[in-house]
Amino acid sequence: MTHLKPILLGVLSFTVILLAWEAAVRAGWLNPFFTSQPTAIAAALAREARSGELARSTSVSLREFGAGFGLAIVVGLSLGVVAGWFRTVEYALDPFIWFIYSAPLIAFYPLFVLWLGLGTHTVIAISFLLSVTPITVNTAAGIRTLSPTLLLAARSFGARPHDVLWKVALPASVPMMVAGLRLGVGRALTGVVIAELFVPSGGLGSSIAYNAGLLRTTNMLASLMVIVVLGVICTQGLTAIEARFDSWRTGPGL
Amino acid sequence: MRSRALVSTVSVALFLVAWEIAPRLRLVDPFFTSQPSRVLVASVDVIRSGTLMHDATVSLSEFAVGFALALLIGVPVGLMLGTFPTLRHLLDPPLMAVYATPQLALLPIFVLWLGIGMASKIAVVFIGASIPIIVNSMAGVRQVERPLVLAARSFCATRRDVFLKVMLPASLPAVMIGIRLGLSRAVLGVVVAEMYVSQEGVGNQIMRLGSAFRVDHLLVYVLLVSAFGLGATTAARKLEERMAR
Amino acid sequence: MTPHIRIDGLTVAYDKPLAAGAFVAVANLSLDVSRGTFVTIVGPSGCGKSSVLLAVDGLTKPVAGRVLVNGQPVSGPGRDRAMVFQEFALMPWRTVVENVRFGLELQRWTGEDLTARALRYVRLVGLQGFEHYRPHQLSGGMRQRVGIARALAVDPEILLLDEPFGALDAQTRESMGDELLKIWEQDKKTALFVTHSIDEAIFLGDTVVIMGKSPGRIVETIPIDLPRPRTIDVMDTAAFVEYRRRIRHHLAGEIPAHA
């Protein structure tokens, strides 16, 4: 019974916040122009769901997210494995990875528009760049921190380098890889949303920016709610997957 | 085994050389990619004009105020949440929801509330930085090893003693991690917020230069911002390492 | 004469996090400890020996029964008792001397320079030269010496040691036991020492208390009649071997409690 307590308190927490919000607006303490209210947002969401608009903008964002994150997975995992296996590659890539990770990539936005146009491609590019770094870094760390004991055991049974890679290093690094994916998924979604604030690609972020221009708070918050739900699903989903693989995790990574 | 620094330096050097030569060899159009030489020329131009000083000051102030607020409010809130379980269970779900959301999605809302001036930028920086600080400070308190608290209590420590002499120092590394993560979000926040809508600041300048297709000058600003982001994160990392035992 | 420590019908129980009911660690345990004696408690894992110590130190509240020190009931930690922990429990951000000062600071000692006092105890446990090292730079044995110094620095009447050498390797354990006795001989504080090593229990103790589990209770109390001061060689004597045999049998349950 005690382990249900956090879940119950959580639900309670959200309910209280929503009720207080609604009550404050109705009592005149909060100006709905600035804050909207839960009932209005729910109504807006229902409307958008019926008209298909919700589905459309969500699917645009999801497609961009899928493309950006998918690309990041492919590139990140491959680069990470190579960088983890070959020290020289890691050293060579290090400054670039570090740069992409620490620099506010959104500053390159005008350049992306110049190169890729004012559309989905720019969004995907930003999402890709933001999420590829944790995946690469964590994968490389996973491969690199391969326990010397495992290595010794493998070699004592006659494993050759490519056996070691496929049968020991890669499976052993899975927890770190998944941790990198978890970090990447949040950043990929962030990339999509931020880019969509600038790029009218028809996704959820674009919808927020569009409604902001029209001062339609309710619609803005409706799209935001969808983003929050997506964010939570992605993070929780990957955290759950990560937990399944955590038992044989090796290095610290990011 | 090549030294790390050597390979990294060579790698960057090769990149710069390729960047410079490719347009000369007509492999790429320099209009789209610029060149190191052009960027250098443009940077001289940028420094001589007075606008950089002004824009940088605006951006830095927004960053500084927002981040300072995040520290002053975030660290105590995070520590308190870590110490009192009921409080934590109540606030954890909304906190995690905010943590999982791209906080910059709140940008248009902040602009709606606070206008296009510095206030909305400070708000974005504050939200961006305070969330990782709170979450990590909270985690820091929670992972203080039980034997340490027990030992303090066995020597007659009061609750205040336990908090000040055990919890606080023991959570410091985690708090530092939160600060480092918050720092990068803060830098991102300032830049994005200014790019979205503002009348001054580095982000604003980036958008102007972008729409005018002045790629060389644009790159100067972009690289400046990147350097700042890099510098801040590196400083935080160094500090974190020094604090770790 | 009032015993220094009187444990009277002690019952300690812990809540089970995911199920109903409670886990009884110790049931109705009674024990008297005279001033200046070194009592060792030996028993299998899970027999509640640590719980007894925590109750004496006032860190857990018993469900039933009580602990009296000098005739007064124990209601919480106090300056008259100090504990040494199995996992060392040193503050990782403090140096050796700062760790030894820790108890003095918490107990608000005045009237002398805390650092000077701490340094004396650092020297007592043989760590001179390491005053400004941090725990992670020390070996396990050295860390535990810091723990012992920290406990001694507050000049308690009673020393409580919860498997202090449990995390150390066999060689270090032996030498630490030897050193502990040498330090103890200097002022012969009342000591309660928990261990699961029979040899350690016999070597160190004036009395060995054997505990059984489920629920935790005293199975037998054996006075150890070996001369003091003791050295490692005593472990080879016939008397020692005989004690070992008896205790092992008790623990294996072959001899009933009061044969």
# chains A, B, ... in the order shown; residues from 1 in each chain; ligands from 1
$ interface_residues --of "chain B" --to "chain A" --cutoff "6 Å" --atoms "only C-alpha atoms" --output "PyMOL selection string"
chain B and resi 4+7-8+11+89-90+93+97+100-102+188+210+222+226+229-230
$ residues_around --residues "stretch 159-169 of chain B" --least-positions-apart "2" --cutoff "8 Å" --atoms "only C-alpha atoms" --output "ChimeraX atom specification"
/B:141,144,148-149,152-153,157,171-172 /C:91,93,106
$ interface_residues --of "chain C" --to "chain B" --cutoff "6 Å" --atoms "only C-alpha atoms" --output "list in words"
Pro77, Gly78, Ala89, Gly103 and Leu106 of chain C
$ select_by_dssp --residues "stretch 65-206 of chain B" --states "alpha helix (DSSP H)" --output "PyMOL selection string"
chain B and resi 65-83+85-100+107-114+118-142+146-154+159-161+168-196+202-206
$ atom_distance --atom1 "atom CA of C:Ile5" --atom2 "atom CA of C:Lys189"
12.2 Å
$ residues_around --residues "C:His196" --least-positions-apart "3" --cutoff "7 Å" --atoms "only C-alpha atoms" --output "MDAnalysis selection string"
chainID C and resid 42:44
$ residues_around --residues "C:Ala191" --least-positions-apart "2" --cutoff "7 Å" --atoms "only C-alpha atoms" --output "NGL selection string"
:C and (37-39 or 158-160 or 189 or 193)
$ residues_around --residues "stretch 95-102 of chain C" --least-positions-apart "4" --cutoff "8 Å" --atoms "only C-alpha atoms" --output "mmCIF file with N, CA and C atoms, in the first residue's frame"
data_model
loop_
_atom_site.group_PDB
_atom_site.id
_atom_site.type_symbol
_atom_site.label_atom_id
_atom_site.label_comp_id
_atom_site.auth_asym_id
_atom_site.auth_seq_id
_atom_site.Cartn_x
_atom_site.Cartn_y
_atom_site.Cartn_z
ATOM 1 N N LEU C 90 32.393 7.910 7.551
ATOM 2 C CA LEU C 90 33.187 9.143 7.636
ATOM 3 C C LEU C 90 32.643 10.132 6.626
ATOM 4 N N MET C 91 32.681 11.424 6.954
ATOM 5 C CA MET C 91 32.212 12.443 6.016
ATOM 6 C C MET C 91 33.275 12.594 4.918
ATOM 7 N N LEU C 106 29.636 18.436 17.136
ATOM 8 C CA LEU C 106 28.213 18.187 17.315
ATOM 9 C C LEU C 106 27.818 18.235 18.783
ATOM 10 N N LEU C 114 39.431 22.266 19.837
ATOM 11 C CA LEU C 114 38.936 21.000 19.304
ATOM 12 C C LEU C 114 39.950 20.342 18.380
ATOM 13 N N THR C 115 40.609 21.146 17.569
ATOM 14 C CA THR C 115 41.561 20.560 16.638
ATOM 15 C C THR C 115 42.721 19.914 17.384
ATOM 16 N N ARG C 117 42.667 18.646 20.348
ATOM 17 C CA ARG C 117 42.169 17.405 20.933
ATOM 18 C C ARG C 117 42.058 16.322 19.864
ATOM 19 N N ALA C 118 41.500 16.692 18.739
ATOM 20 C CA ALA C 118 41.349 15.725 17.658
ATOM 21 C C ALA C 118 42.711 15.174 17.229
ATOM 22 N N LEU C 119 43.704 16.046 17.139
ATOM 23 C CA LEU C 119 45.034 15.604 16.720
ATOM 24 C C LEU C 119 45.607 14.577 17.692
ATOM 25 N N TYR C 121 43.987 12.352 19.323
ATOM 26 C CA TYR C 121 43.386 11.047 19.051
ATOM 27 C C TYR C 121 43.837 10.491 17.709
ATOM 28 N N VAL C 122 44.097 11.357 16.755
ATOM 29 C CA VAL C 122 44.649 10.893 15.479
ATOM 30 C C VAL C 122 45.962 10.175 15.748
ATOM 31 N N PHE C 130 48.844 11.572 8.513
ATOM 32 C CA PHE C 130 47.713 11.502 7.586
ATOM 33 C C PHE C 130 46.601 12.473 7.963
ATOM 34 N N GLU C 131 46.936 13.421 8.815
ATOM 35 C CA GLU C 131 45.898 14.313 9.358
ATOM 36 C C GLU C 131 45.077 15.001 8.289
ATOM 37 N N HIS C 132 45.715 15.355 7.163
ATOM 38 C CA HIS C 132 45.007 16.155 6.170
ATOM 39 C C HIS C 132 44.601 15.346 4.946
ATOM 40 N N TYR C 133 44.604 14.030 5.099
ATOM 41 C CA TYR C 133 44.144 13.185 4.005
ATOM 42 C C TYR C 133 42.631 13.089 4.052
ATOM 43 N N ARG C 134 42.042 12.799 2.876
ATOM 44 C CA ARG C 134 40.601 12.575 2.840
ATOM 45 C C ARG C 134 40.342 11.068 2.855
ATOM 46 N N PRO C 135 39.161 10.653 3.325
ATOM 47 C CA PRO C 135 38.880 9.210 3.438
ATOM 48 C C PRO C 135 39.177 8.407 2.182
ATOM 49 N N VAL C 146 40.125 6.046 11.888
ATOM 50 C CA VAL C 146 39.553 7.384 12.027
ATOM 51 C C VAL C 146 38.233 7.282 12.774
ATOM 52 N N GLY C 147 37.440 6.278 12.409
ATOM 53 C CA GLY C 147 36.156 6.075 13.085
ATOM 54 C C GLY C 147 36.345 5.839 14.570
ATOM 55 N N ALA C 149 38.954 6.785 16.375
ATOM 56 C CA ALA C 149 39.442 8.032 16.971
ATOM 57 C C ALA C 149 38.289 8.989 17.220
ATOM 58 N N ARG C 150 37.393 9.070 16.232
ATOM 59 C CA ARG C 150 36.252 9.970 16.364
ATOM 60 C C ARG C 150 35.414 9.612 17.585
ATOM 61 N N ALA C 151 35.207 8.288 17.787
ATOM 62 C CA ALA C 151 34.397 7.850 18.925
ATOM 63 C C ALA C 151 35.119 8.101 20.243
ATOM 64 N N ALA C 153 37.347 10.360 20.843
ATOM 65 C CA ALA C 153 37.596 11.789 21.091
ATOM 66 C C ALA C 153 36.540 12.416 21.981
#
$ residues_around --residues "B:Pro173" --least-positions-apart "6" --cutoff "10 Å" --atoms "only C-alpha atoms" --output "mmCIF file with N, CA and C atoms, in the first residue's frame"
data_model
loop_
_atom_site.group_PDB
_atom_site.id
_atom_site.type_symbol
_atom_site.label_atom_id
_atom_site.label_comp_id
_atom_site.auth_asym_id
_atom_site.auth_seq_id
_atom_site.Cartn_x
_atom_site.Cartn_y
_atom_site.Cartn_z
ATOM 1 N N ASN B 136 18.186 18.209 -9.541
ATOM 2 C CA ASN B 136 19.456 17.624 -9.116
ATOM 3 C C ASN B 136 19.767 17.864 -7.649
ATOM 4 N N SER B 137 19.393 19.036 -7.131
ATOM 5 C CA SER B 137 19.614 19.289 -5.701
ATOM 6 C C SER B 137 18.768 18.326 -4.890
ATOM 7 N N GLY B 140 20.313 15.055 -4.950
ATOM 8 C CA GLY B 140 21.521 15.080 -4.135
ATOM 9 C C GLY B 140 21.232 14.804 -2.673
ATOM 10 N N ILE B 179 23.710 22.729 -11.482
ATOM 11 C CA ILE B 179 24.128 24.063 -11.920
ATOM 12 C C ILE B 179 24.733 24.003 -13.313
ATOM 13 N N LEU B 239 34.775 23.375 -12.065
ATOM 14 C CA LEU B 239 34.370 23.616 -10.682
ATOM 15 C C LEU B 239 33.813 22.337 -10.067
ATOM 16 N N GLU B 240 33.014 21.633 -10.849
ATOM 17 C CA GLU B 240 32.422 20.383 -10.396
ATOM 18 C C GLU B 240 33.501 19.368 -10.056
ATOM 19 N N GLU B 241 34.507 19.288 -10.915
ATOM 20 C CA GLU B 241 35.587 18.334 -10.679
ATOM 21 C C GLU B 241 36.358 18.682 -9.424
ATOM 22 N N ARG B 242 36.597 19.974 -9.224
ATOM 23 C CA ARG B 242 37.356 20.386 -8.042
ATOM 24 C C ARG B 242 36.604 20.075 -6.767
ATOM 25 N N MET B 243 35.266 20.098 -6.849
ATOM 26 C CA MET B 243 34.486 19.850 -5.651
ATOM 27 C C MET B 243 34.348 18.371 -5.360
ATOM 28 N N ALA B 244 34.501 17.548 -6.363
ATOM 29 C CA ALA B 244 34.335 16.111 -6.157
ATOM 30 C C ALA B 244 35.550 15.550 -5.439
ATOM 31 N N ARG B 245 35.316 14.547 -4.607
ATOM 32 C CA ARG B 245 36.462 13.999 -3.872
ATOM 33 C C ARG B 245 36.886 12.725 -4.520
#
$ atom_distance --atom1 "atom CA of A:Gly68" --atom2 "atom CA of A:Asp246"
25.7 Å
$ residues_around --residues "stretch 138-143 of chain C" --least-positions-apart "6" --cutoff "9 Å" --atoms "only C-alpha atoms" --output "number ranges by chain"
C: 88, 90, 96, 125-127, 130, 165, 167-169, 172-173, 176
$ atom_distance --atom1 "atom CA of A:Leu118" --atom2 "atom CA of A:Ala49"
26.9 Å
